[in-house]
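A.B. asks: Right, I'll just put the structure down here and ask away after.
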Amino acid sequence: MSIQSIDLLTLSPTVVVALGALVALVAELVTRRGQVAVGVGLVALVVAIPLAVVASGEQTLCGGDELSCAYVVSPLSVGLQLIVLVSTVVVLLMASADVSDRTVPGGEFVFLVLCSASGAVLVPATNDL
């Protein structure tokens, strides 16, 4: 039995978006302003976009050989990740008016959108589902 190698830079787009979701939830809880949560979410997404491009061609969560990696980032998966990240930026920008009007609870909304986005960023590069 071999130990899997884990490259955190390869997984960083997903991790950054997930951490952004948690920080947005806590930021809205502390400040009671939904726009702060939207801002934190947008910053997390803007940070994740170049990380997704840098991770192109990488692989991680490999077993004993290089052919059995569970997470392989191909150019196609980077393209899909970029579509998800940019679409999520558009969704947060479109929802910012509703968050500022308090028709939508900002922290919870941003948390749920970013958690969904982190899963959608993870899925295109998975090799073993």
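Labeling convention for the structure tokens: chains A, B, ... as they appear, residues from 1 per chain, ligands from 1 in order of appearance.
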List the spatial neighbours of A:Glu108 as a list in words - criterion: any atom at most 12 Å away, only C-alpha atoms, same-chain residues fewer than 3 positions off excluded.

C.D. replies: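 That gives Ala21, Leu22, Val23, Ala24, Leu25, Val26, Ala27, Glu28, Leu29, Arg32, Arg33, Gly34, Gln35, Ala37, Val38, Gly41, Val99, Arg102, Val104, Pro105, Phe111, Leu112, Val113, Leu114 and Cys115 of chain A.
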
A.B. asks: For the residues in that selection, give me N, CA and C atoms as an mmCIF file, in the first residue's frame.

C.D. replies:
```
data_model
loop_
_atom_site.group_PDB
_atom_site.id
_atom_site.type_symbol
_atom_site.label_atom_id
_atom_site.label_comp_id
_atom_site.auth_asym_id
_atom_site.auth_seq_id
_atom_site.Cartn_x
_atom_site.Cartn_y
_atom_site.Cartn_z
ATOM 1 N N ALA A 21 -16.072 30.830 0.713
ATOM 2 C CA ALA A 21 -17.448 30.634 1.176
ATOM 3 C C ALA A 21 -17.533 30.751 2.696
ATOM 4 N N LEU A 22 -16.597 30.125 3.381
ATOM 5 C CA LEU A 22 -16.608 30.200 4.847
ATOM 6 C C LEU A 22 -16.321 31.608 5.342
ATOM 7 N N VAL A 23 -15.355 32.270 4.725
ATOM 8 C CA VAL A 23 -15.021 33.635 5.147
ATOM 9 C C VAL A 23 -16.180 34.585 4.863
ATOM 10 N N ALA A 24 -16.866 34.409 3.748
ATOM 11 C CA ALA A 24 -18.015 35.259 3.431
ATOM 12 C C ALA A 24 -19.129 35.075 4.458
ATOM 13 N N LEU A 25 -19.361 33.846 4.864
ATOM 14 C CA LEU A 25 -20.397 33.587 5.861
ATOM 15 C C LEU A 25 -20.049 34.235 7.198
ATOM 16 N N VAL A 26 -18.806 34.093 7.613
ATOM 17 C CA VAL A 26 -18.378 34.686 8.883
ATOM 18 C C VAL A 26 -18.354 36.212 8.788
ATOM 19 N N ALA A 27 -17.931 36.746 7.646
ATOM 20 C CA ALA A 27 -17.880 38.203 7.478
ATOM 21 C C ALA A 27 -19.273 38.817 7.572
ATOM 22 N N GLU A 28 -20.253 38.171 6.984
ATOM 23 C CA GLU A 28 -21.614 38.690 7.077
ATOM 24 C C GLU A 28 -22.160 38.540 8.494
ATOM 25 N N LEU A 29 -21.758 37.497 9.168
ATOM 26 C CA LEU A 29 -22.200 37.281 10.544
ATOM 27 C C LEU A 29 -21.639 38.360 11.468
ATOM 28 N N ARG A 32 -22.851 42.126 9.696
ATOM 29 C CA ARG A 32 -24.289 42.262 9.417
ATOM 30 C C ARG A 32 -24.558 43.008 8.114
ATOM 31 N N ARG A 33 -23.592 42.986 7.205
ATOM 32 C CA ARG A 33 -23.751 43.625 5.896
ATOM 33 C C ARG A 33 -23.519 42.576 4.824
ATOM 34 N N GLY A 34 -24.526 42.342 4.011
ATOM 35 C CA GLY A 34 -24.428 41.330 2.966
ATOM 36 C C GLY A 34 -23.454 41.681 1.867
ATOM 37 N N GLN A 35 -23.265 42.984 1.627
ATOM 38 C CA GLN A 35 -22.337 43.403 0.576
ATOM 39 C C GLN A 35 -20.905 42.991 0.907
ATOM 40 N N ALA A 37 -20.072 40.175 2.302
ATOM 41 C CA ALA A 37 -20.009 38.778 1.883
ATOM 42 C C ALA A 37 -19.860 38.664 0.374
ATOM 43 N N VAL A 38 -20.575 39.510 -0.354
ATOM 44 C CA VAL A 38 -20.445 39.508 -1.817
ATOM 45 C C VAL A 38 -19.031 39.902 -2.215
ATOM 46 N N GLY A 41 -16.689 37.043 -1.570
ATOM 47 C CA GLY A 41 -16.898 36.013 -2.583
ATOM 48 C C GLY A 41 -16.260 36.369 -3.911
ATOM 49 N N VAL A 99 -28.918 41.715 -2.655
ATOM 50 C CA VAL A 99 -28.280 41.599 -1.341
ATOM 51 C C VAL A 99 -28.257 42.953 -0.648
ATOM 52 N N ARG A 102 -31.484 43.818 0.783
ATOM 53 C CA ARG A 102 -31.828 42.855 1.833
ATOM 54 C C ARG A 102 -33.025 41.971 1.473
ATOM 55 N N VAL A 104 -32.417 39.301 -0.229
ATOM 56 C CA VAL A 104 -31.722 38.013 -0.152
ATOM 57 C C VAL A 104 -30.714 38.110 0.986
ATOM 58 N N PRO A 105 -30.678 37.128 1.897
ATOM 59 C CA PRO A 105 -29.659 37.169 2.957
ATOM 60 C C PRO A 105 -28.268 36.961 2.346
ATOM 61 N N PHE A 111 -22.521 32.025 0.534
ATOM 62 C CA PHE A 111 -22.005 30.740 0.998
ATOM 63 C C PHE A 111 -22.500 29.595 0.119
ATOM 64 N N LEU A 112 -23.792 29.566 -0.147
ATOM 65 C CA LEU A 112 -24.352 28.487 -0.955
ATOM 66 C C LEU A 112 -23.861 28.538 -2.405
ATOM 67 N N VAL A 113 -23.756 29.730 -2.962
ATOM 68 C CA VAL A 113 -23.275 29.856 -4.343
ATOM 69 C C VAL A 113 -21.820 29.414 -4.441
ATOM 70 N N LEU A 114 -20.985 29.839 -3.494
ATOM 71 C CA LEU A 114 -19.573 29.467 -3.556
ATOM 72 C C LEU A 114 -19.349 27.989 -3.244
ATOM 73 N N CYS A 115 -20.143 27.418 -2.360
ATOM 74 C CA CYS A 115 -20.017 25.970 -2.116
ATOM 75 C C CYS A 115 -20.390 25.178 -3.361
#
```

A.B. asks: Based on DSSP run over this structure's backbone, return all residues of stretch 3-127 of chain A in strand (DSSP E or B), as JSON, numbers by chain.

C.D. replies: {"A": [5, 59, 60, 61, 62, 69, 70, 71, 72, 126]}

A.B. asks: Leaving out A:Val15 and any residue of its chain fewer than 6 positions from it, which residues lie within 12 Å of it when counting only C-alpha atoms, given as a PDB file with N, CA, C and O atoms, in the first residue's frame?

C.D. replies:
```
ATOM      1  N   ASP A   7      -0.819  17.416  -4.147  1.00  0.00           N
ATOM      2  CA  ASP A   7      -0.288  18.699  -4.570  1.00  0.00           C
ATOM      3  C   ASP A   7      -1.367  19.746  -4.316  1.00  0.00           C
ATOM      4  O   ASP A   7      -2.372  19.796  -5.027  1.00  0.00           O
ATOM      5  N   LEU A   8      -1.157  20.570  -3.307  1.00  0.00           N
ATOM      6  CA  LEU A   8      -2.182  21.546  -2.926  1.00  0.00           C
ATOM      7  C   LEU A   8      -2.326  22.667  -3.944  1.00  0.00           C
ATOM      8  O   LEU A   8      -3.400  23.266  -4.051  1.00  0.00           O
ATOM      9  N   LEU A   9      -1.278  22.959  -4.708  1.00  0.00           N
ATOM     10  CA  LEU A   9      -1.403  23.979  -5.746  1.00  0.00           C
ATOM     11  C   LEU A   9      -2.389  23.527  -6.819  1.00  0.00           C
ATOM     12  O   LEU A   9      -3.148  24.337  -7.350  1.00  0.00           O
ATOM     13  N   ALA A  21     -16.072  30.830   0.713  1.00  0.00           N
ATOM     14  CA  ALA A  21     -17.448  30.634   1.176  1.00  0.00           C
ATOM     15  C   ALA A  21     -17.533  30.751   2.696  1.00  0.00           C
ATOM     16  O   ALA A  21     -18.433  31.425   3.226  1.00  0.00           O
ATOM     17  N   LEU A  22     -16.597  30.125   3.381  1.00  0.00           N
ATOM     18  CA  LEU A  22     -16.608  30.200   4.847  1.00  0.00           C
ATOM     19  C   LEU A  22     -16.321  31.608   5.342  1.00  0.00           C
ATOM     20  O   LEU A  22     -16.986  32.099   6.271  1.00  0.00           O
ATOM     21  N   ALA A  44     -12.479  35.943  -3.645  1.00  0.00           N
ATOM     22  CA  ALA A  44     -12.099  34.523  -3.694  1.00  0.00           C
ATOM     23  C   ALA A  44     -12.150  33.998  -5.129  1.00  0.00           C
ATOM     24  O   ALA A  44     -11.259  33.246  -5.558  1.00  0.00           O
ATOM     25  N   LEU A  45     -13.146  34.396  -5.875  1.00  0.00           N
ATOM     26  CA  LEU A  45     -13.261  33.933  -7.262  1.00  0.00           C
ATOM     27  C   LEU A  45     -12.173  34.530  -8.145  1.00  0.00           C
ATOM     28  O   LEU A  45     -11.603  33.830  -9.003  1.00  0.00           O
ATOM     29  N   VAL A  47      -9.228  35.409  -7.186  1.00  0.00           N
ATOM     30  CA  VAL A  47      -7.981  34.721  -6.830  1.00  0.00           C
ATOM     31  C   VAL A  47      -7.944  33.320  -7.437  1.00  0.00           C
ATOM     32  O   VAL A  47      -6.887  32.843  -7.866  1.00  0.00           O
ATOM     33  N   ALA A  48      -9.084  32.645  -7.505  1.00  0.00           N
ATOM     34  CA  ALA A  48      -9.124  31.267  -7.998  1.00  0.00           C
ATOM     35  C   ALA A  48      -8.933  31.169  -9.508  1.00  0.00           C
ATOM     36  O   ALA A  48      -8.461  30.145 -10.006  1.00  0.00           O
ATOM     37  N   LEU A  51      -5.283  30.766 -10.477  1.00  0.00           N
ATOM     38  CA  LEU A  51      -4.819  29.487  -9.924  1.00  0.00           C
ATOM     39  C   LEU A  51      -5.283  28.318 -10.782  1.00  0.00           C
ATOM     40  O   LEU A  51      -4.572  27.320 -10.919  1.00  0.00           O
ATOM     41  N   ALA A  52      -6.470  28.428 -11.350  1.00  0.00           N
ATOM     42  CA  ALA A  52      -6.964  27.371 -12.237  1.00  0.00           C
ATOM     43  C   ALA A  52      -6.115  27.291 -13.501  1.00  0.00           C
ATOM     44  O   ALA A  52      -5.833  26.200 -13.999  1.00  0.00           O
ATOM     45  N   LEU A 114     -20.985  29.839  -3.494  1.00  0.00           N
ATOM     46  CA  LEU A 114     -19.573  29.467  -3.556  1.00  0.00           C
ATOM     47  C   LEU A 114     -19.349  27.989  -3.244  1.00  0.00           C
ATOM     48  O   LEU A 114     -18.441  27.374  -3.813  1.00  0.00           O
ATOM     49  N   CYS A 115     -20.143  27.418  -2.360  1.00  0.00           N
ATOM     50  CA  CYS A 115     -20.017  25.970  -2.116  1.00  0.00           C
ATOM     51  C   CYS A 115     -20.390  25.178  -3.361  1.00  0.00           C
ATOM     52  O   CYS A 115     -19.722  24.194  -3.703  1.00  0.00           O
ATOM     53  N   ALA A 117     -20.128  26.315  -6.401  1.00  0.00           N
ATOM     54  CA  ALA A 117     -19.060  26.581  -7.372  1.00  0.00           C
ATOM     55  C   ALA A 117     -17.809  25.764  -7.059  1.00  0.00           C
ATOM     56  O   ALA A 117     -17.134  25.288  -7.982  1.00  0.00           O
ATOM     57  N   SER A 118     -17.490  25.582  -5.782  1.00  0.00           N
ATOM     58  CA  SER A 118     -16.295  24.796  -5.455  1.00  0.00           C
ATOM     59  C   SER A 118     -16.463  23.342  -5.880  1.00  0.00           C
ATOM     60  O   SER A 118     -15.522  22.727  -6.377  1.00  0.00           O
ATOM     61  N   GLY A 119     -17.654  22.812  -5.736  1.00  0.00           N
ATOM     62  CA  GLY A 119     -17.897  21.461  -6.231  1.00  0.00           C
ATOM     63  C   GLY A 119     -17.848  21.384  -7.740  1.00  0.00           C
ATOM     64  O   GLY A 119     -17.313  20.441  -8.323  1.00  0.00           O
ATOM     65  N   VAL A 121     -16.108  23.311  -9.667  1.00  0.00           N
ATOM     66  CA  VAL A 121     -14.709  23.469 -10.084  1.00  0.00           C
ATOM     67  C   VAL A 121     -13.938  22.157  -9.890  1.00  0.00           C
ATOM     68  O   VAL A 121     -13.043  21.828 -10.668  1.00  0.00           O
ATOM     69  N   LEU A 122     -14.306  21.401  -8.899  1.00  0.00           N
ATOM     70  CA  LEU A 122     -13.613  20.141  -8.599  1.00  0.00           C
ATOM     71  C   LEU A 122     -13.935  19.040  -9.613  1.00  0.00           C
ATOM     72  O   LEU A 122     -13.058  18.292 -10.031  1.00  0.00           O
TER      73      LEU A 122
END
```

A.B. asks: Based on DSSP run over this structure's backbone, return all residues of stretch 20-96 of chain A in helix (DSSP H, G or I), as a PyMOL selection string.

C.D. replies: chain A and resi 20-31+34-54+66-68+75-96

A.B. asks: Enter the distance from atom CA of A:Leu11 to atom CA of A:Leu92, in Å, rounded to one decimal.

C.D. replies: 22.8 Å

A.B. asks: What is the distance, in Å and to one decimal place, between atom CA of A:Ser77 and atom CA of A:Leu61?

C.D. replies: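 According to the coordinates, atom CA of A:Ser77 and atom CA of A:Leu61 are separated by 16.3 Å.
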
A.B. asks: Ranking A:Val53, A:Val89, A:Ala95, A:Val40 by minimum distance to A:Pro75 and counting only C-alpha atoms, which one comes first?

C.D. replies: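 Result for the nearest residue to A:Pro75: A:Val53.
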
A.B. asks: How many Å separate atom CA of A:Val78 from atom CA of A:Val36?

C.D. replies: 28.6 Å

A.B. asks: Between A:Val72, A:Val54, A:Val43, A:Ile83, single out the one closest to A:Leu19, counting only C-alpha atoms.

C.D. replies: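 Between A:Val72, A:Val54, A:Val43, A:Ile83, the residue approaching A:Leu19 most closely is A:Val43.
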
A.B. asks: Rank nothing, just name the residue among A:Pro124, A:Pro50, A:Gly57, A:Gly63 nearest to A:Ile6, using only C-alpha atoms.

C.D. replies: A:Gly63

A.B. asks: Given the choices A:Cys62, A:Ala55, A:Val84, A:Ile49, which gets closest to A:Ala120 if the distance is worked out from only C-alpha atoms?

C.D. replies: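 Checking each of A:Cys62, A:Ala55, A:Val84, A:Ile49 against A:Ala120, counting only C-alpha atoms, the winner is A:Val84.
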
A.B. asks: Just checking: using only C-alpha atoms, which residue out of A:Leu80, A:Leu85, A:Val123, A:Val73 ends up closest to A:Gln59?

C.D. replies: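 Closest to A:Gln59 of all the choices is A:Val73.
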